[in-house]
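Note: the block below is protein.cif and it holds mmCIF, C-alpha atoms.
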```
data_final
#
loop_
_atom_site.group_PDB
_atom_site.id
_atom_site.type_symbol
_atom_site.label_atom_id
_atom_site.label_comp_id
_atom_site.auth_asym_id
_atom_site.auth_seq_id
_atom_site.Cartn_x
_atom_site.Cartn_y
_atom_site.Cartn_z
ATOM 1 C CA ASN A 348 17.027 25.254 -0.200
ATOM 2 C CA LEU A 349 15.633 23.877 -3.467
ATOM 3 C CA GLY A 350 18.098 21.006 -3.759
ATOM 4 C CA ILE A 351 17.299 19.685 -0.292
ATOM 5 C CA SER A 352 13.568 19.965 -1.001
ATOM 6 C CA ILE A 353 13.906 17.977 -4.229
ATOM 7 C CA LEU A 354 16.012 15.354 -2.442
ATOM 8 C CA GLY A 355 13.375 15.041 0.300
ATOM 9 C CA GLN A 356 10.580 14.577 -2.235
ATOM 10 C CA PHE A 357 12.640 11.977 -4.065
ATOM 11 C CA LEU A 358 13.229 10.003 -0.861
ATOM 12 C CA LEU A 359 9.527 10.147 0.042
ATOM 13 C CA GLY A 360 8.646 8.908 -3.440
ATOM 14 C CA ILE A 361 11.051 5.983 -3.167
ATOM 15 C CA GLY A 362 9.483 5.019 0.171
ATOM 16 C CA ALA A 363 5.988 5.138 -1.295
ATOM 17 C CA VAL A 364 6.969 2.976 -4.266
ATOM 18 C CA MET A 365 8.729 0.416 -2.067
ATOM 19 C CA THR A 366 5.679 0.191 0.199
ATOM 20 C CA GLY A 367 3.368 -0.336 -2.771
ATOM 21 C CA ILE A 368 5.537 -3.104 -4.174
ATOM 22 C CA VAL A 369 5.742 -4.936 -0.851
ATOM 23 C CA THR A 370 1.984 -4.672 -0.313
ATOM 24 C CA ALA A 371 1.162 -6.153 -3.719
ATOM 25 C CA VAL A 372 3.500 -9.108 -3.239
ATOM 26 C CA LEU A 373 2.356 -9.697 0.335
ATOM 27 C CA MET A 374 -1.325 -9.730 -0.614
ATOM 28 C CA SER A 375 -0.753 -12.189 -3.457
ATOM 29 C CA GLU A 376 1.283 -14.587 -1.308
ATOM 30 C CA LEU A 377 -0.748 -14.313 1.893
ATOM 31 C CA PHE A 378 -3.915 -16.048 0.733
ATOM 32 C CA PRO A 379 -4.541 -19.364 -1.063
ATOM 33 C CA THR A 380 -5.185 -19.154 -4.804
ATOM 34 C CA LYS A 381 -8.860 -20.061 -4.545
ATOM 35 C CA VAL A 382 -9.780 -17.004 -2.408
ATOM 36 C CA ARG A 383 -6.909 -14.649 -3.266
ATOM 37 C CA TYR A 384 -8.861 -11.887 -5.010
ATOM 38 C CA THR A 385 -11.757 -11.834 -2.579
ATOM 39 C CA ALA A 386 -9.587 -11.964 0.539
ATOM 40 C CA SER A 387 -7.084 -9.348 -0.610
ATOM 41 C CA ALA A 388 -9.803 -6.972 -1.816
ATOM 42 C CA SER A 389 -11.803 -7.366 1.391
ATOM 43 C CA THR A 390 -8.864 -6.766 3.710
ATOM 44 C CA TYR A 391 -7.536 -3.846 1.659
ATOM 45 C CA ASN A 392 -10.914 -2.117 1.481
ATOM 46 C CA LEU A 393 -11.676 -2.731 5.149
ATOM 47 C CA ALA A 394 -8.376 -1.165 6.201
ATOM 48 C CA TYR A 395 -8.922 1.736 3.798
ATOM 49 C CA THR A 396 -12.400 2.333 5.216
ATOM 50 C CA VAL A 397 -11.345 2.186 8.858
ATOM 51 C CA PHE A 398 -8.164 4.244 8.621
ATOM 52 C CA GLY A 399 -8.881 6.434 5.596
ATOM 53 C CA GLY A 400 -12.540 7.032 6.365
ATOM 54 C CA THR A 401 -11.854 8.365 9.837
ATOM 55 C CA ALA A 402 -9.200 10.860 8.723
ATOM 56 C CA PRO A 403 -10.211 14.502 8.470
ATOM 57 C CA SER A 404 -10.693 15.832 4.953
#
```

Transcribe the structure of this file into C-alpha coordinates.
Amino acid sequence: NLGISILGQFLLGIGAVMTGIVTAVLMSELFPTKVRYTASASTYNLAYTVFGGTAPS
(Lines of atoms letter the chains of each structure in order from A and count residues from 1; the text may use other names and numbers.)
(Lines give C-alpha, C1' and ligand atoms only; values in the text may rest on other atoms or scores of the structure.)
Protein backbone atom coordinates (compact mmCIF):
# COMPACT_ATOMS: atom_id res chain seq x y z
CA ASN A 1 0.00 0.00 0.00
CA LEU A 2 1.42 3.39 -1.00
CA GLY A 3 0.11 5.27 2.03
CA ILE A 4 1.71 2.85 4.48
CA SER A 5 4.99 3.01 2.56
CA ILE A 6 5.02 6.82 2.69
CA LEU A 7 4.19 6.74 6.41
CA GLY A 8 7.06 4.30 7.04
CA GLN A 9 9.53 6.49 5.16
CA PHE A 10 8.33 9.53 7.08
CA LEU A 11 8.84 7.78 10.43
CA LEU A 12 12.33 6.62 9.41
CA GLY A 13 13.20 10.17 8.38
CA ILE A 14 12.03 11.58 11.71
CA GLY A 15 14.20 9.03 13.54
CA ALA A 16 17.24 9.95 11.46
CA VAL A 17 16.76 13.67 12.09
CA MET A 18 16.28 13.18 15.83
CA THR A 19 19.44 11.08 16.01
CA GLY A 20 21.44 13.71 14.15
CA ILE A 21 20.25 16.48 16.45
CA VAL A 22 21.08 14.52 19.60
CA THR A 23 24.54 13.61 18.29
CA ALA A 24 25.44 17.22 17.51
CA VAL A 25 24.37 18.46 20.94
CA LEU A 26 26.04 15.56 22.74
CA MET A 27 29.36 16.09 20.97
CA SER A 28 29.38 19.81 21.74
CA GLU A 29 28.58 19.31 25.43
CA LEU A 30 30.73 16.23 26.04
CA PHE A 31 34.15 17.83 25.71
CA PRO A 32 35.71 20.97 27.24
CA THR A 33 35.81 24.05 25.02
CA LYS A 34 39.57 23.96 24.54
CA VAL A 35 39.59 20.53 22.82
CA ARG A 36 35.99 20.35 21.57
CA TYR A 37 36.63 20.33 17.82
CA THR A 38 39.58 17.96 17.91
CA ALA A 39 37.95 15.51 20.32
CA SER A 40 34.58 15.42 18.59
CA ALA A 41 36.13 15.06 15.13
CA SER A 42 38.48 12.31 16.28
CA THR A 43 35.80 10.26 18.00
CA TYR A 44 33.31 10.70 15.16
CA ASN A 45 35.81 9.72 12.48
CA LEU A 46 37.15 6.78 14.48
CA ALA A 47 33.65 5.38 14.94
CA TYR A 48 32.86 5.98 11.27
CA THR A 49 36.04 4.17 10.23
CA VAL A 50 35.52 1.17 12.50
CA PHE A 51 31.81 0.63 11.90
CA GLY A 52 31.36 2.11 8.42
CA GLY A 53 34.64 0.84 7.00
CA THR A 54 33.92 -2.77 7.89
CA ALA A 55 30.44 -2.81 6.32
CA PRO A 56 30.07 -4.47 2.93
CA SER A 57 29.65 -2.13 -0.01

Can you pull out every residue within 12 Å of region 386-389 of chain A, counting all atoms listed in the file, but drop anything in the same chain fewer than 5 positions away, and send it as a short mmCIF file (atom, residue, chain, number, x, y, z; two decimals) with C-alpha atoms, in the coordinates of the input?
```
data_model
loop_
_atom_site.label_atom_id
_atom_site.label_comp_id
_atom_site.auth_asym_id
_atom_site.auth_seq_id
_atom_site.Cartn_x
_atom_site.Cartn_y
_atom_site.Cartn_z
CA THR A 370 1.98 -4.67 -0.31
CA ALA A 371 1.16 -6.15 -3.72
CA VAL A 372 3.50 -9.11 -3.24
CA LEU A 373 2.36 -9.70 0.34
CA MET A 374 -1.32 -9.73 -0.61
CA SER A 375 -0.75 -12.19 -3.46
CA GLU A 376 1.28 -14.59 -1.31
CA LEU A 377 -0.75 -14.31 1.89
CA PHE A 378 -3.92 -16.05 0.73
CA PRO A 379 -4.54 -19.36 -1.06
CA THR A 380 -5.18 -19.15 -4.80
CA LYS A 381 -8.86 -20.06 -4.54
CA ALA A 394 -8.38 -1.16 6.20
CA TYR A 395 -8.92 1.74 3.80
CA THR A 396 -12.40 2.33 5.22
#
```

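Interatomic distance, CA of Phe398 (chain A) to CA of Ser352 (chain A): 28.5 Å.
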
Please report, as lines of an AutoDock Vina configuration file, the centre and edge lengths in Å to one decimal of an axis-aligned box covering all listed atoms of region 357-376 of chain A with 3 Å per side.
```
center_x = 6.0
center_y = -1.3
center_z = -2.0
size_x = 20.6
size_y = 32.6
size_z = 10.6
```

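Atom to atom, CA of Phe357 (chain A) and CA of Gly399 (chain A) stand 24.2 Å apart.
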
Expressed in Å, the length from CA of Gly350 (chain A) to CA of Thr366 (chain A) is 24.6 Å
